Amino acid sequence: MKPLAAGNWKMNGLKASVSEINALKDSLDGAAPACDVMICPPATLVLPLADAAAGSAVQIGAQDCHTAVSGAHTGDISAAMLKDAGAAAVIVGHSERRADHGETSELVKTKAEAAIAAGLTAIVCLGETLAEREAGDTLSVVHAQLNGSLPGGATGATTVIAYEPVWAIGSGLTPTADQVAEVHQAIRAGLSALTSAEEAHSIRILYGGSVKPSNAAELMAIDNVDGALVGGASLAADDFAGIIAAF
Ligand code: PGA
């Protein structure tokens with residue numbers, strides 16, 4: 001399968017950030033990247049960035065969606081609206097939303113299903129906290145999140161999983177290659193049980209948490225790692241291009 005390098009801009013970016021998409025497009029010009037390339041800006045920038053990226057190898061995603069198509073939900077944005085604005089995918093269940101907004105796996109699953117129904121790829125995030133890892137609960141936490149959050153009928157065409165240890169996000173810390181391999185293998189096995197062996201091997205499992213140009217090649221070479229979800233190092237086109245070049 002083709003790996004995916006997805007950038008998560010979180011709550012960063014203004015209209016002027018369109019220049020980063022143009023710079024990213026320029027850096028990819030000529031040589032087709034060995035991975036799919038996506039930037040997930042804040043919702044205000046989905047439309048202008050999708051316009052700027054049109055016709056290039058860069059796809060645009062979003063960072064969250066509501067479970068409903070439309071209705072009385074002040075401040076929320078539906079998957080259909082994101083699709084209409086030019087998004088190809090949406091992140092659901094990022095640990096920052098699970099923590100800051102109390103999102104449960106049950107809600108994340110419903111959001112993922114809403115995203116897929118709207119024609120978006122759902123990028124479903126999982127990951128343990130430091131306390132959970134230190135307690136030896138990593139695999140049980142990740143399994144519970146996977147079981148609870150995986151959209152019904154998930155396929156490689158509709159669903160991407162992102163394993164992001166909470167303690168590795170924005171910290172500069174990364175798990176060892178063995179730790180990444182162990183969790184990604186467990187997610188693959190979990191996907192086999194929840195879907196089929198064939199589908200499980202078509203669903204990309206991204207690693208996320210302090211991915212940088214300097215560690216991307218090593219992380220992306222680990223078994224069952226099918227790409228990266230990148231926060232801080234996706235904000236500047238130069239850094240993100242350095243990660244893309246690692247594939
Ligand atoms: P980071 O964030 O690359 O800045 O650690 C990753 C993420 O939260 O998706």
# chains A, B, ... in the order shown; residues from 1 in each chain; ligands from 1
call {"tool": "residues_near_ligand", "arguments": {"ligand": "ligand 1", "cutoff": "7 Å", "atoms": "only C-alpha atoms and all ligand atoms", "output": "ChimeraX atom specification"}}
result
/A:8,164,168-172,208-211,229-233
call {"tool": "write_last_selection", "arguments": {"atoms": "all heavy atoms", "output": "compact mmCIF listing (two decimals), in the first residue's frame"}}
result
# COMPACT_ATOMS: atom_id res chain seq x y z
N ASN A 8 -0.85 17.68 10.60
CA ASN A 8 -1.94 18.17 11.44
C ASN A 8 -1.52 19.53 11.98
O ASN A 8 -0.66 19.60 12.86
CB ASN A 8 -2.18 17.17 12.58
CG ASN A 8 -3.15 17.69 13.62
OD1 ASN A 8 -3.84 18.69 13.41
ND2 ASN A 8 -3.21 17.01 14.76
N GLU A 164 -0.79 7.35 18.10
CA GLU A 164 -0.04 8.50 18.62
C GLU A 164 0.04 8.40 20.14
O GLU A 164 -0.92 8.76 20.84
CB GLU A 164 -0.76 9.81 18.26
CG GLU A 164 -0.91 10.05 16.78
CD GLU A 164 -1.13 11.52 16.49
OE1 GLU A 164 -2.10 12.10 17.02
OE2 GLU A 164 -0.33 12.10 15.75
N ALA A 168 4.25 11.27 23.48
CA ALA A 168 5.20 11.58 22.40
C ALA A 168 4.77 12.81 21.61
O ALA A 168 5.55 13.36 20.83
CB ALA A 168 5.33 10.39 21.46
N ILE A 169 3.53 13.26 21.80
CA ILE A 169 3.01 14.38 21.01
C ILE A 169 3.60 15.70 21.51
O ILE A 169 3.45 16.05 22.69
CB ILE A 169 1.47 14.41 21.06
CG1 ILE A 169 0.90 13.17 20.36
CG2 ILE A 169 0.94 15.70 20.44
CD1 ILE A 169 -0.61 13.05 20.45
N GLY A 170 4.28 16.38 20.62
CA GLY A 170 4.80 17.71 20.93
C GLY A 170 5.89 17.72 21.99
O GLY A 170 6.28 18.78 22.47
N SER A 171 6.39 16.56 22.37
CA SER A 171 7.34 16.47 23.48
C SER A 171 8.78 16.28 23.03
O SER A 171 9.70 16.43 23.84
CB SER A 171 6.97 15.28 24.38
OG SER A 171 7.11 14.07 23.64
N GLY A 172 8.96 15.92 21.76
CA GLY A 172 10.31 15.58 21.30
C GLY A 172 10.70 14.16 21.66
O GLY A 172 11.76 13.69 21.27
N GLY A 208 2.33 8.66 14.86
CA GLY A 208 2.41 10.09 15.11
C GLY A 208 2.95 10.38 16.50
O GLY A 208 2.74 9.60 17.44
N GLY A 209 3.64 11.51 16.62
CA GLY A 209 4.23 11.92 17.90
C GLY A 209 5.69 12.24 17.69
O GLY A 209 6.53 11.35 17.61
N SER A 210 5.97 13.56 17.57
CA SER A 210 7.35 14.06 17.43
C SER A 210 8.08 13.49 16.22
O SER A 210 9.30 13.26 16.27
CB SER A 210 8.15 13.82 18.72
OG SER A 210 7.58 14.57 19.79
N VAL A 211 7.35 13.26 15.12
CA VAL A 211 8.01 12.89 13.86
C VAL A 211 8.67 14.13 13.29
O VAL A 211 8.04 15.20 13.22
CB VAL A 211 7.03 12.29 12.84
CG1 VAL A 211 7.75 11.95 11.53
CG2 VAL A 211 6.33 11.05 13.41
N LEU A 229 1.59 10.80 11.01
CA LEU A 229 0.75 11.95 11.30
C LEU A 229 1.65 12.94 12.04
O LEU A 229 2.19 12.62 13.10
CB LEU A 229 -0.47 11.56 12.15
CG LEU A 229 -1.48 12.67 12.44
CD1 LEU A 229 -1.99 13.34 11.17
CD2 LEU A 229 -2.68 12.13 13.24
N VAL A 230 1.83 14.11 11.46
CA VAL A 230 2.87 15.03 11.89
C VAL A 230 2.26 16.35 12.34
O VAL A 230 1.51 16.98 11.59
CB VAL A 230 3.83 15.32 10.70
CG1 VAL A 230 4.98 16.20 11.15
CG2 VAL A 230 4.35 14.02 10.09
N GLY A 231 2.57 16.76 13.55
CA GLY A 231 2.07 18.03 14.05
C GLY A 231 3.05 19.15 13.75
O GLY A 231 3.10 19.68 12.63
N GLY A 232 3.86 19.51 14.74
CA GLY A 232 4.74 20.66 14.64
C GLY A 232 5.57 20.73 13.37
O GLY A 232 5.72 21.80 12.76
N ALA A 233 6.10 19.58 12.95
CA ALA A 233 7.00 19.58 11.79
C ALA A 233 6.24 19.62 10.47
O ALA A 233 6.86 19.53 9.40
CB ALA A 233 7.92 18.36 11.84
call {"tool": "closest_atom_pairs", "arguments": {"of": "region 75-175 of chain A", "to": "region 34-53 of chain A", "cutoff": "7 Å", "atoms": "only C-alpha atoms", "output": "CSV"}}
result
residue,atom,partner,partner_atom,distance
A:Ala85,CA,A:Leu47,CA,4.8
A:Gly86,CA,A:Ala50,CA,5.3
A:Ala87,CA,A:Val46,CA,6.5
call {"tool": "closest_residue", "arguments": {"among": "A:Asp64, A:Ala118, A:Leu139, A:Ile203", "to": "His101 (chain A)", "atoms": "only C-alpha atoms"}}
result
A:Asp64
call {"tool": "residues_around", "arguments": {"residues": "Leu150 (chain A)", "least_positions_apart": "2", "cutoff": "8 Å", "atoms": "only C-alpha atoms", "output": "ChimeraX atom specification"}}
result
/A:109,112,124,146-148,152,154
call {"tool": "write_last_selection", "arguments": {"atoms": "all heavy atoms", "output": "CSV table (one decimal), in the first residue's frame"}}
result
chain,number,residue,atom,x,y,z
A,109,LYS,N,-16.2,6.9,17.0
A,109,LYS,CA,-16.7,6.0,16.0
A,109,LYS,C,-17.9,6.6,15.2
A,109,LYS,O,-17.9,6.5,13.9
A,109,LYS,CB,-17.2,4.7,16.7
A,109,LYS,CG,-17.9,3.7,15.8
A,109,LYS,CD,-18.4,2.5,16.5
A,109,LYS,CE,-19.2,1.6,15.6
A,109,LYS,NZ,-19.2,0.2,16.1
A,112,ALA,N,-16.5,9.1,12.8
A,112,ALA,CA,-15.8,8.4,11.7
A,112,ALA,C,-16.8,7.9,10.7
A,112,ALA,O,-16.6,8.1,9.5
A,112,ALA,CB,-14.9,7.3,12.2
A,124,VAL,N,-8.5,7.9,12.2
A,124,VAL,CA,-8.9,7.6,13.6
A,124,VAL,C,-7.7,7.5,14.5
A,124,VAL,O,-6.8,6.6,14.2
A,124,VAL,CB,-9.7,6.3,13.6
A,124,VAL,CG1,-10.2,6.0,15.1
A,124,VAL,CG2,-10.9,6.3,12.7
A,146,LEU,N,-9.3,1.1,19.8
A,146,LEU,CA,-9.6,0.6,18.4
A,146,LEU,C,-11.0,-0.1,18.3
A,146,LEU,O,-11.7,0.2,17.4
A,146,LEU,CB,-8.5,-0.4,18.0
A,146,LEU,CG,-8.6,-1.0,16.6
A,146,LEU,CD1,-8.4,0.0,15.6
A,146,LEU,CD2,-7.6,-2.2,16.4
A,147,ASN,N,-11.2,-1.0,19.3
A,147,ASN,CA,-12.5,-1.7,19.2
A,147,ASN,C,-13.7,-0.7,19.3
A,147,ASN,O,-14.7,-0.8,18.6
A,147,ASN,CB,-12.7,-2.6,20.4
A,147,ASN,CG,-11.8,-3.9,20.3
A,147,ASN,OD1,-11.6,-4.3,19.2
A,147,ASN,ND2,-11.5,-4.5,21.4
A,148,GLY,N,-13.5,0.4,20.1
A,148,GLY,CA,-14.6,1.3,20.3
A,148,GLY,C,-14.7,2.4,19.2
A,148,GLY,O,-15.8,2.9,19.0
A,152,GLY,N,-17.9,1.1,11.5
A,152,GLY,CA,-18.4,-0.1,11.0
A,152,GLY,C,-18.0,-0.2,9.5
A,152,GLY,O,-18.1,0.8,8.8
A,154,ALA,N,-15.2,-0.7,8.1
A,154,ALA,CA,-13.9,0.0,7.7
A,154,ALA,C,-13.2,-0.8,6.7
A,154,ALA,O,-13.0,-2.0,6.7
A,154,ALA,CB,-13.1,0.2,9.0
call {"tool": "closest_residue", "arguments": {"among": "A:Ser234, A:Gln185, A:Thr138, A:Asn12", "to": "Leu24 (chain A)", "atoms": "only C-alpha atoms"}}
result
A:Ser234
call {"tool": "closest_residue", "arguments": {"among": "A:Gly153, A:Ala5, A:Cys65, A:Thr129", "to": "Ala216 (chain A)", "atoms": "only C-alpha atoms"}}
result
A:Ala5
call {"tool": "residues_around", "arguments": {"residues": "Val180 (chain A)", "least_positions_apart": "5", "cutoff": "10 Å", "atoms": "only C-alpha atoms", "output": "PyMOL selection string"}}
result
chain A and resi 163-165+174-175+185-186+207+219+222-225
call {"tool": "residues_around", "arguments": {"residues": "Ile187 (chain A)", "least_positions_apart": "3", "cutoff": "10 Å", "atoms": "only C-alpha atoms", "output": "list in words"}}
result
Leu126, Leu139, Val142, His143, Leu146, Asn147, Ile161, Ala162, Tyr163, Ala181, Glu182, Val183, His184, Gly190, Leu191, Ser192, Ala193, Ala200, Ile205 and Asn224 of chain A
call {"tool": "write_last_selection", "arguments": {"atoms": "N, CA and C atoms", "output": "PDB file, in the first residue's frame"}}
result
ATOM      1  N   LEU A 126      -5.514   6.904  18.002  1.00  0.00           N
ATOM      2  CA  LEU A 126      -5.458   6.079  19.209  1.00  0.00           C
ATOM      3  C   LEU A 126      -4.136   6.368  19.905  1.00  0.00           C
ATOM      4  N   LEU A 139      -1.159  -1.845  25.462  1.00  0.00           N
ATOM      5  CA  LEU A 139      -1.887  -2.638  24.463  1.00  0.00           C
ATOM      6  C   LEU A 139      -3.365  -2.742  24.793  1.00  0.00           C
ATOM      7  N   VAL A 142      -4.941   0.672  23.811  1.00  0.00           N
ATOM      8  CA  VAL A 142      -5.027   0.841  22.360  1.00  0.00           C
ATOM      9  C   VAL A 142      -6.092  -0.099  21.773  1.00  0.00           C
ATOM     10  N   HIS A 143      -6.161  -1.311  22.280  1.00  0.00           N
ATOM     11  CA  HIS A 143      -7.189  -2.254  21.810  1.00  0.00           C
ATOM     12  C   HIS A 143      -8.595  -1.733  22.112  1.00  0.00           C
ATOM     13  N   LEU A 146      -9.347   1.056  19.759  1.00  0.00           N
ATOM     14  CA  LEU A 146      -9.576   0.551  18.405  1.00  0.00           C
ATOM     15  C   LEU A 146     -10.954  -0.113  18.311  1.00  0.00           C
ATOM     16  N   ASN A 147     -11.245  -0.987  19.258  1.00  0.00           N
ATOM     17  CA  ASN A 147     -12.545  -1.667  19.245  1.00  0.00           C
ATOM     18  C   ASN A 147     -13.683  -0.661  19.306  1.00  0.00           C
ATOM     19  N   ILE A 161      -5.767   4.489  10.415  1.00  0.00           N
ATOM     20  CA  ILE A 161      -5.552   4.528  11.868  1.00  0.00           C
ATOM     21  C   ILE A 161      -4.271   5.313  12.132  1.00  0.00           C
ATOM     22  N   ALA A 162      -4.284   6.149  13.164  1.00  0.00           N
ATOM     23  CA  ALA A 162      -3.047   6.831  13.579  1.00  0.00           C
ATOM     24  C   ALA A 162      -2.763   6.470  15.028  1.00  0.00           C
ATOM     25  N   TYR A 163      -1.623   5.801  15.246  1.00  0.00           N
ATOM     26  CA  TYR A 163      -1.190   5.501  16.617  1.00  0.00           C
ATOM     27  C   TYR A 163      -0.308   6.645  17.090  1.00  0.00           C
ATOM     28  N   ALA A 181       6.815  -0.985  16.910  1.00  0.00           N
ATOM     29  CA  ALA A 181       6.502  -2.232  16.202  1.00  0.00           C
ATOM     30  C   ALA A 181       5.479  -3.058  16.978  1.00  0.00           C
ATOM     31  N   GLU A 182       5.630  -3.116  18.285  1.00  0.00           N
ATOM     32  CA  GLU A 182       4.716  -3.917  19.111  1.00  0.00           C
ATOM     33  C   GLU A 182       3.281  -3.396  19.004  1.00  0.00           C
ATOM     34  N   VAL A 183       3.126  -2.068  19.102  1.00  0.00           N
ATOM     35  CA  VAL A 183       1.771  -1.516  19.075  1.00  0.00           C
ATOM     36  C   VAL A 183       1.176  -1.620  17.665  1.00  0.00           C
ATOM     37  N   HIS A 184       1.977  -1.326  16.644  1.00  0.00           N
ATOM     38  CA  HIS A 184       1.433  -1.395  15.273  1.00  0.00           C
ATOM     39  C   HIS A 184       1.037  -2.829  14.917  1.00  0.00           C
ATOM     40  N   GLY A 190      -5.616  -6.499  15.686  1.00  0.00           N
ATOM     41  CA  GLY A 190      -6.951  -6.060  16.090  1.00  0.00           C
ATOM     42  C   GLY A 190      -7.825  -5.771  14.880  1.00  0.00           C
ATOM     43  N   LEU A 191      -7.234  -5.152  13.855  1.00  0.00           N
ATOM     44  CA  LEU A 191      -7.996  -4.869  12.632  1.00  0.00           C
ATOM     45  C   LEU A 191      -8.419  -6.168  11.948  1.00  0.00           C
ATOM     46  N   SER A 192      -7.548  -7.170  11.973  1.00  0.00           N
ATOM     47  CA  SER A 192      -7.896  -8.468  11.376  1.00  0.00           C
ATOM     48  C   SER A 192      -9.116  -9.054  12.061  1.00  0.00           C
ATOM     49  N   ALA A 193      -9.131  -8.955  13.375  1.00  0.00           N
ATOM     50  CA  ALA A 193     -10.251  -9.528  14.129  1.00  0.00           C
ATOM     51  C   ALA A 193     -11.537  -8.736  13.872  1.00  0.00           C
ATOM     52  N   ALA A 200      -7.602  -5.763   6.838  1.00  0.00           N
ATOM     53  CA  ALA A 200      -6.649  -5.304   7.858  1.00  0.00           C
ATOM     54  C   ALA A 200      -5.331  -4.894   7.216  1.00  0.00           C
ATOM     55  N   ILE A 205      -1.776   2.233   8.873  1.00  0.00           N
ATOM     56  CA  ILE A 205      -1.583   2.553  10.292  1.00  0.00           C
ATOM     57  C   ILE A 205      -0.420   3.546  10.373  1.00  0.00           C
ATOM     58  N   ASN A 224       4.793  -2.552   9.774  1.00  0.00           N
ATOM     59  CA  ASN A 224       3.403  -2.132   9.998  1.00  0.00           C
ATOM     60  C   ASN A 224       3.232  -0.630  10.206  1.00  0.00           C
TER      61      ASN A 224
END
call {"tool": "closest_residue", "arguments": {"among": "A:Lys2, A:Ala62, A:Ala246, A:Leu28", "to": "Lys212 (chain A)", "atoms": "only C-alpha atoms"}}
result
A:Ala246
call {"tool": "closest_residue", "arguments": {"among": "A:Gly242, A:Gly227, A:Gly93, A:Pro33", "to": "Leu107 (chain A)", "atoms": "only C-alpha atoms"}}
result
A:Gly93
